[in-house]
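Participant: The file below is upload_23.cif, mmCIF, C-alpha atoms:
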data_structure
#
loop_
_atom_site.group_PDB
_atom_site.id
_atom_site.type_symbol
_atom_site.label_atom_id
_atom_site.label_comp_id
_atom_site.auth_asym_id
_atom_site.auth_seq_id
_atom_site.Cartn_x
_atom_site.Cartn_y
_atom_site.Cartn_z
ATOM 1 C CA MET A 360 -27.987 -66.391 90.583
ATOM 2 C CA HIS A 361 -27.013 -63.752 93.151
ATOM 3 C CA LEU A 362 -30.239 -61.740 92.947
ATOM 4 C CA SER A 363 -29.444 -59.556 95.964
ATOM 5 C CA VAL A 364 -26.101 -58.625 94.449
ATOM 6 C CA TRP A 365 -27.668 -58.152 91.028
ATOM 7 C CA SER A 366 -30.329 -55.856 92.463
ATOM 8 C CA ALA A 367 -27.590 -53.910 94.279
ATOM 9 C CA LEU A 368 -26.157 -53.118 90.845
ATOM 10 C CA GLU A 369 -29.388 -51.281 90.069
ATOM 11 C CA ASN A 370 -28.339 -48.690 92.661
ATOM 12 C CA LYS A 371 -24.950 -48.185 91.035
ATOM 13 C CA THR A 372 -24.064 -45.968 88.117
ATOM 14 C CA ILE A 373 -22.128 -48.215 85.757
ATOM 15 C CA VAL A 374 -20.080 -46.720 82.932
ATOM 16 C CA LEU A 375 -18.786 -48.685 79.978
ATOM 17 C CA ALA A 376 -15.532 -47.075 78.824
ATOM 18 C CA SER A 377 -15.833 -48.323 75.265
ATOM 19 C CA ALA A 378 -17.338 -47.284 71.957
ATOM 20 C CA SER A 379 -17.668 -50.922 70.884
ATOM 21 C CA PRO A 380 -21.223 -51.720 69.799
ATOM 22 C CA ARG A 381 -20.568 -55.381 70.670
ATOM 23 C CA ARG A 382 -19.597 -54.615 74.271
ATOM 24 C CA LYS A 383 -22.640 -52.385 74.611
ATOM 25 C CA GLU A 384 -24.863 -55.165 73.246
ATOM 26 C CA ILE A 385 -23.309 -57.759 75.588
ATOM 27 C CA MET A 386 -23.917 -55.602 78.650
ATOM 28 C CA GLN A 387 -27.487 -54.909 77.534
ATOM 29 C CA GLU A 388 -28.055 -58.659 77.106
ATOM 30 C CA MET A 389 -26.759 -59.125 80.666
ATOM 31 C CA GLY A 390 -29.514 -56.790 81.841
ATOM 32 C CA LEU A 391 -27.110 -54.143 83.120
ATOM 33 C CA SER A 392 -28.143 -50.519 83.230
ATOM 34 C CA PHE A 393 -25.170 -48.416 82.163
ATOM 35 C CA GLU A 394 -23.925 -45.359 80.349
ATOM 36 C CA VAL A 395 -21.242 -45.239 77.666
ATOM 37 C CA VAL A 396 -18.371 -42.794 78.157
ATOM 38 C CA THR A 397 -15.580 -43.355 75.663
ATOM 39 C CA THR A 398 -11.958 -42.540 76.325
ATOM 40 C CA LEU A 399 -10.677 -39.242 74.978
ATOM 41 C CA LYS A 400 -7.095 -40.476 74.644
ATOM 42 C CA PRO A 401 -6.046 -41.990 71.336
ATOM 43 C CA ASP A 402 -5.069 -45.653 71.484
ATOM 44 C CA GLU A 403 -1.294 -45.207 71.438
ATOM 45 C CA ASN A 404 -0.191 -48.121 73.595
ATOM 46 C CA ASP A 405 2.810 -49.879 72.024
ATOM 47 C CA PRO A 406 2.658 -53.709 72.051
ATOM 48 C CA SER A 407 6.445 -53.953 71.625
ATOM 49 C CA LYS A 408 6.902 -52.548 75.149
ATOM 50 C CA TYR A 409 5.334 -55.632 76.732
ATOM 51 C CA GLU A 410 6.703 -59.096 77.371
ATOM 52 C CA THR A 411 3.414 -60.831 76.548
ATOM 53 C CA PRO A 412 0.238 -60.069 74.591
ATOM 54 C CA GLU A 413 -1.718 -60.707 77.809
ATOM 55 C CA GLU A 414 0.164 -57.903 79.592
ATOM 56 C CA TYR A 415 -0.413 -55.580 76.649
ATOM 57 C CA VAL A 416 -4.173 -56.179 76.358
ATOM 58 C CA SER A 417 -4.637 -55.896 80.130
ATOM 59 C CA ASP A 418 -2.680 -52.646 80.291
ATOM 60 C CA THR A 419 -4.554 -51.175 77.324
ATOM 61 C CA ALA A 420 -7.883 -52.000 79.000
ATOM 62 C CA TRP A 421 -6.550 -50.435 82.227
ATOM 63 C CA MET A 422 -5.583 -47.208 80.413
ATOM 64 C CA LYS A 423 -9.058 -46.901 78.899
ATOM 65 C CA ALA A 424 -10.859 -47.594 82.178
ATOM 66 C CA LYS A 425 -8.573 -45.327 84.218
ATOM 67 C CA GLU A 426 -8.900 -42.342 81.866
ATOM 68 C CA VAL A 427 -12.709 -42.551 81.936
ATOM 69 C CA TYR A 428 -12.769 -43.232 85.700
ATOM 70 C CA ASP A 429 -10.577 -40.188 86.412
ATOM 71 C CA ARG A 430 -12.669 -38.008 84.104
ATOM 72 C CA CYS A 431 -15.882 -39.144 85.822
ATOM 73 C CA ARG A 432 -14.400 -38.200 89.202
ATOM 74 C CA GLU A 433 -13.302 -34.755 87.964
ATOM 75 C CA ASP A 434 -16.283 -33.800 85.791
ATOM 76 C CA PRO A 435 -19.435 -33.011 87.789
ATOM 77 C CA THR A 436 -21.620 -33.837 84.765
ATOM 78 C CA LEU A 437 -20.298 -37.405 84.714
ATOM 79 C CA ASN A 438 -21.082 -39.866 87.464
ATOM 80 C CA ALA A 439 -19.726 -43.369 87.906
ATOM 81 C CA ASP A 440 -19.731 -45.819 90.757
ATOM 82 C CA ILE A 441 -18.246 -48.508 88.512
ATOM 83 C CA VAL A 442 -16.254 -48.104 85.283
ATOM 84 C CA ILE A 443 -15.667 -51.086 82.996
ATOM 85 C CA GLY A 444 -12.906 -50.832 80.399
ATOM 86 C CA ALA A 445 -11.952 -53.524 77.888
ATOM 87 C CA ASP A 446 -9.618 -54.187 74.997
ATOM 88 C CA THR A 447 -9.483 -57.122 72.571
ATOM 89 C CA VAL A 448 -6.625 -58.255 70.347
ATOM 90 C CA VAL A 449 -5.947 -61.185 68.076
ATOM 91 C CA VAL A 450 -2.578 -62.933 68.419
ATOM 92 C CA PHE A 451 -1.163 -64.900 65.499
ATOM 93 C CA LYS A 452 2.362 -66.354 65.576
ATOM 94 C CA ASP A 453 3.259 -64.095 68.531
ATOM 95 C CA THR A 454 2.142 -60.986 66.620
ATOM 96 C CA ILE A 455 -0.633 -58.802 68.005
ATOM 97 C CA LEU A 456 -3.251 -57.889 65.406
ATOM 98 C CA GLU A 457 -5.463 -54.966 66.298
ATOM 99 C CA LYS A 458 -7.985 -53.080 64.187
ATOM 100 C CA PRO A 459 -6.839 -52.647 60.587
ATOM 101 C CA HIS A 460 -6.578 -49.077 59.317
ATOM 102 C CA THR A 461 -6.954 -49.707 55.604
ATOM 103 C CA GLN A 462 -8.809 -52.085 53.343
ATOM 104 C CA GLN A 463 -5.516 -53.712 52.358
ATOM 105 C CA GLU A 464 -4.553 -54.213 56.012
ATOM 106 C CA ALA A 465 -7.908 -55.885 56.629
ATOM 107 C CA LEU A 466 -7.453 -58.183 53.643
ATOM 108 C CA ASP A 467 -3.904 -59.045 54.723
ATOM 109 C CA MET A 468 -5.026 -59.891 58.265
ATOM 110 C CA ILE A 469 -7.897 -62.053 57.094
ATOM 111 C CA ALA A 470 -5.563 -63.863 54.667
ATOM 112 C CA GLN A 471 -3.055 -64.472 57.484
ATOM 113 C CA LEU A 472 -5.686 -65.852 59.831
ATOM 114 C CA SER A 473 -7.673 -67.866 57.300
ATOM 115 C CA GLY A 474 -7.333 -71.569 58.078
ATOM 116 C CA ASN A 475 -4.916 -70.896 60.941
ATOM 117 C CA VAL A 476 -5.270 -71.213 64.702
ATOM 118 C CA HIS A 477 -4.966 -67.920 66.547
ATOM 119 C CA LYS A 478 -5.737 -66.513 69.995
ATOM 120 C CA VAL A 479 -8.211 -63.797 70.876
ATOM 121 C CA LEU A 480 -7.471 -62.010 74.142
ATOM 122 C CA THR A 481 -9.734 -59.582 75.968
ATOM 123 C CA GLY A 482 -8.503 -57.631 78.964
ATOM 124 C CA VAL A 483 -11.140 -56.137 81.240
ATOM 125 C CA TRP A 484 -10.708 -53.775 84.183
ATOM 126 C CA ILE A 485 -13.441 -52.868 86.636
ATOM 127 C CA LEU A 486 -12.779 -49.696 88.615
ATOM 128 C CA SER A 487 -15.049 -48.691 91.472
ATOM 129 C CA LYS A 488 -15.176 -46.064 94.163
ATOM 130 C CA GLN A 489 -14.660 -48.834 96.728
ATOM 131 C CA GLU A 490 -11.845 -50.812 95.163
ATOM 132 C CA THR A 491 -10.270 -51.864 91.889
ATOM 133 C CA ASP A 492 -10.723 -55.367 90.497
ATOM 134 C CA VAL A 493 -9.221 -56.901 87.390
ATOM 135 C CA LEU A 494 -10.270 -59.551 84.946
ATOM 136 C CA SER A 495 -7.153 -60.516 83.202
ATOM 137 C CA GLY A 496 -6.634 -62.775 81.327
ATOM 138 C CA GLU A 497 -16.696 -55.520 60.557
ATOM 139 C CA PRO A 498 -12.954 -55.292 59.683
ATOM 140 C CA PHE A 499 -12.195 -51.652 60.538
ATOM 141 C CA ASP A 500 -13.433 -51.784 64.114
ATOM 142 C CA LYS A 501 -12.407 -55.305 65.130
ATOM 143 C CA ALA A 502 -9.107 -56.752 66.305
ATOM 144 C CA GLY A 503 -7.697 -59.016 63.623
ATOM 145 C CA GLY A 504 -10.103 -57.558 61.077
ATOM 146 C CA TYR A 505 -13.020 -59.918 61.676
ATOM 147 C CA GLY A 506 -15.944 -60.475 64.027
ATOM 148 C CA ILE A 507 -16.853 -63.966 65.222
ATOM 149 C CA GLN A 508 -20.488 -62.852 65.467
ATOM 150 C CA GLY A 509 -20.572 -61.792 61.812
ATOM 151 C CA SER A 510 -20.095 -63.554 58.529
ATOM 152 C CA ALA A 511 -16.587 -64.637 59.583
ATOM 153 C CA ALA A 512 -18.259 -67.222 61.851
ATOM 154 C CA LEU A 513 -18.636 -69.366 58.732
ATOM 155 C CA PHE A 514 -14.864 -69.872 58.702
ATOM 156 C CA VAL A 515 -14.285 -70.589 62.398
ATOM 157 C CA GLU A 516 -14.032 -74.321 63.036
ATOM 158 C CA SER A 517 -13.775 -74.144 66.819
ATOM 159 C CA ILE A 518 -13.234 -71.894 69.794
ATOM 160 C CA HIS A 519 -11.345 -73.058 72.862
ATOM 161 C CA GLY A 520 -12.581 -70.836 75.656
ATOM 162 C CA ASP A 521 -15.252 -68.212 76.054
ATOM 163 C CA TYR A 522 -17.137 -67.159 72.909
ATOM 164 C CA TRP A 523 -17.964 -63.806 74.501
ATOM 165 C CA ASN A 524 -14.265 -63.120 75.074
ATOM 166 C CA VAL A 525 -13.777 -63.430 71.310
ATOM 167 C CA VAL A 526 -16.691 -61.045 70.702
ATOM 168 C CA GLY A 527 -15.070 -58.547 73.066
ATOM 169 C CA LEU A 528 -16.421 -58.839 76.610
ATOM 170 C CA PRO A 529 -16.409 -62.104 78.603
ATOM 171 C CA LYS A 530 -19.967 -62.081 79.985
ATOM 172 C CA SER A 531 -19.672 -64.861 82.537
ATOM 173 C CA ARG A 532 -16.398 -63.591 83.995
ATOM 174 C CA LEU A 533 -17.690 -60.003 84.074
ATOM 175 C CA TYR A 534 -20.784 -61.178 85.963
ATOM 176 C CA ARG A 535 -18.687 -63.105 88.518
ATOM 177 C CA GLU A 536 -16.365 -60.139 89.037
ATOM 178 C CA LEU A 537 -19.282 -57.720 89.520
ATOM 179 C CA ILE A 538 -20.728 -60.096 92.118
ATOM 180 C CA ALA A 539 -17.367 -60.317 93.891
ATOM 181 C CA LEU A 540 -17.039 -56.524 93.818
ATOM 182 C CA LEU A 541 -20.473 -55.966 95.336
ATOM 183 C CA GLU A 542 -20.034 -58.694 97.951
ATOM 184 C CA THR A 543 -16.971 -56.798 99.287
ATOM 185 C CA GLU A 544 -18.836 -53.495 99.534
ATOM 186 C CA PRO A 545 -20.879 -52.645 102.611
ATOM 187 C CA CYS A 546 -24.621 -53.030 102.024
ATOM 188 C CA LYS A 547 -26.352 -49.649 101.633
ATOM 189 C CA GLU A 548 -30.111 -49.992 101.909
#
What does the file become when written as structure tokens?
Facilitator:
Amino acid sequence: MHLSVWSALENKTIVLASASPRRKEIMQEMGLSFEVVTTLKPDENDPSKYETPEEYVSDTAWMKAKEVYDRCREDPTLNADIVIGADTVVVFKDTILEKPHTQQEALDMIAQLSGNVHKVLTGVWILSKQETDVLSGEPFDKAGGYGIQGSAALFVESIHGDYWNVVGLPKSRLYRELIALLETEPCKE
């Protein structure tokens, strides 16, 4: 473990640009000290404008992080050395499934996904004062209408990849990227 880098994070003001209780919980479990500042812009990004779901989820995460980062720079009551923004989608048969808006939408999504293989993609952007780094690659507040950490776990036969990516924030990758970010910054002691 990079303890010197980890302790350097204690001197940074980290902002999570997300209202997701799962992302907040993941960062708390990582031992990070952070504040939550949610984006003020409605989520209006259009998946049909992108060639791939990966581009879409990365760009959506970028928009969230950038809006909060810019607001923190302009608003003297907000302070951020590092802003972390993320977005998660479910992809089934080349269709992006985000959070359902109605009970029927949730039921339809769950019926579509039940017994079928699908992808869960999480895009994460880390914006800092020093440089910008990227990590790219219950029903009403979760992409695809289900949460792997909830009762839906009973129906998931396997996960190929990072469990925490499916939950909504890839812990291990986030940790490695924070280390890389801090290793490029000059040491201020």
Participant: Separation of atom CA of A:Glu413 and atom CA of A:Glu394, in Å?
Facilitator: 27.1 Å
Participant: Would you be able to write out as a PDB file with C-alpha atoms, in the coordinates of the input which residues have an atom within 8 Å of (-11.7, -59.8, 79.2) in the file's coordinates, counting only C-alpha atoms?
Facilitator:
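Wrote it out as part_19.pdb, contents follow:
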ATOM      1  CA  ALA A 445     -11.952 -53.524  77.888  1.00  0.00           C
ATOM      2  CA  ASP A 446      -9.618 -54.187  74.997  1.00  0.00           C
ATOM      3  CA  THR A 447      -9.483 -57.122  72.571  1.00  0.00           C
ATOM      4  CA  LEU A 480      -7.471 -62.010  74.142  1.00  0.00           C
ATOM      5  CA  THR A 481      -9.734 -59.582  75.968  1.00  0.00           C
ATOM      6  CA  GLY A 482      -8.503 -57.631  78.964  1.00  0.00           C
ATOM      7  CA  VAL A 483     -11.140 -56.137  81.240  1.00  0.00           C
ATOM      8  CA  TRP A 484     -10.708 -53.775  84.183  1.00  0.00           C
ATOM      9  CA  LEU A 494     -10.270 -59.551  84.946  1.00  0.00           C
ATOM     10  CA  SER A 495      -7.153 -60.516  83.202  1.00  0.00           C
ATOM     11  CA  GLY A 496      -6.634 -62.775  81.327  1.00  0.00           C
ATOM     12  CA  ASN A 524     -14.265 -63.120  75.074  1.00  0.00           C
ATOM     13  CA  GLY A 527     -15.070 -58.547  73.066  1.00  0.00           C
ATOM     14  CA  LEU A 528     -16.421 -58.839  76.610  1.00  0.00           C
ATOM     15  CA  PRO A 529     -16.409 -62.104  78.603  1.00  0.00           C
ATOM     16  CA  ARG A 532     -16.398 -63.591  83.995  1.00  0.00           C
ATOM     17  CA  LEU A 533     -17.690 -60.003  84.074  1.00  0.00           C
TER      18      LEU A 533
END
Participant: What is the distance between atom CA of A:Val395 and atom CA of A:Val374, in Å to one decimal?
Facilitator: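 According to the coordinates, atom CA of A:Val395 and atom CA of A:Val374 are separated by 5.6 Å.
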Participant: How would you write as number ranges by chain the residues that get within 10 Å of (-4.1, -56.8, 68.7) in the file's frame, counting only C-alpha atoms?
Facilitator: A: 406, 412, 415-416, 446-451, 454-459, 478-481, 501-504
Participant: With all atoms listed in the file as the atoms that count, which of A:Asp418, A:Asp453, A:Glu410, A:Asp440 lies nearest to A:Lys371?
Facilitator: A:Asp440
Participant: Hey, what's within 9 Å of stretch 433-438 of chain A if we count all atoms listed in the file and toss same-chain stuff fewer than 6 positions away? As a PyMOL selection string, please?
Facilitator: chain A and resi 372-374+396
Participant: Given all atoms listed in the file, how would the per-residue table for stretch 373-488 of chain A near stretch 534-542 of chain A read, listing every residue at most 12 Å away with its closest atom pair and distance in Å to one decimal, sorted by chain and number, as CSV?
Facilitator:
residue,atom,partner,partner_atom,distance
A:Ile373,CA,A:Leu537,CA,10.6
A:Ile385,CA,A:Tyr534,CA,11.2
A:Met386,CA,A:Tyr534,CA,9.7
A:Glu388,CA,A:Tyr534,CA,11.7
A:Met389,CA,A:Tyr534,CA,8.2
A:Gly390,CA,A:Tyr534,CA,10.6
A:Leu391,CA,A:Tyr534,CA,9.9
A:Asp440,CA,A:Leu541,CA,11.2
A:Ile441,CA,A:Leu537,CA,9.3
A:Val442,CA,A:Leu537,CA,10.9
A:Ile443,CA,A:Leu537,CA,10.0
A:Val483,CA,A:Glu536,CA,10.2
A:Trp484,CA,A:Glu536,CA,9.8
A:Ile485,CA,A:Leu537,CA,8.1
A:Leu486,CA,A:Leu540,CA,9.6
A:Ser487,CA,A:Leu540,CA,8.4
A:Lys488,CA,A:Leu540,CA,10.6
Participant: Work out how far atom CA of A:Gly444 is from atom CA of A:Ala420, in Å to one decimal.
Facilitator: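 These two atoms are separated by 5.3 Å.
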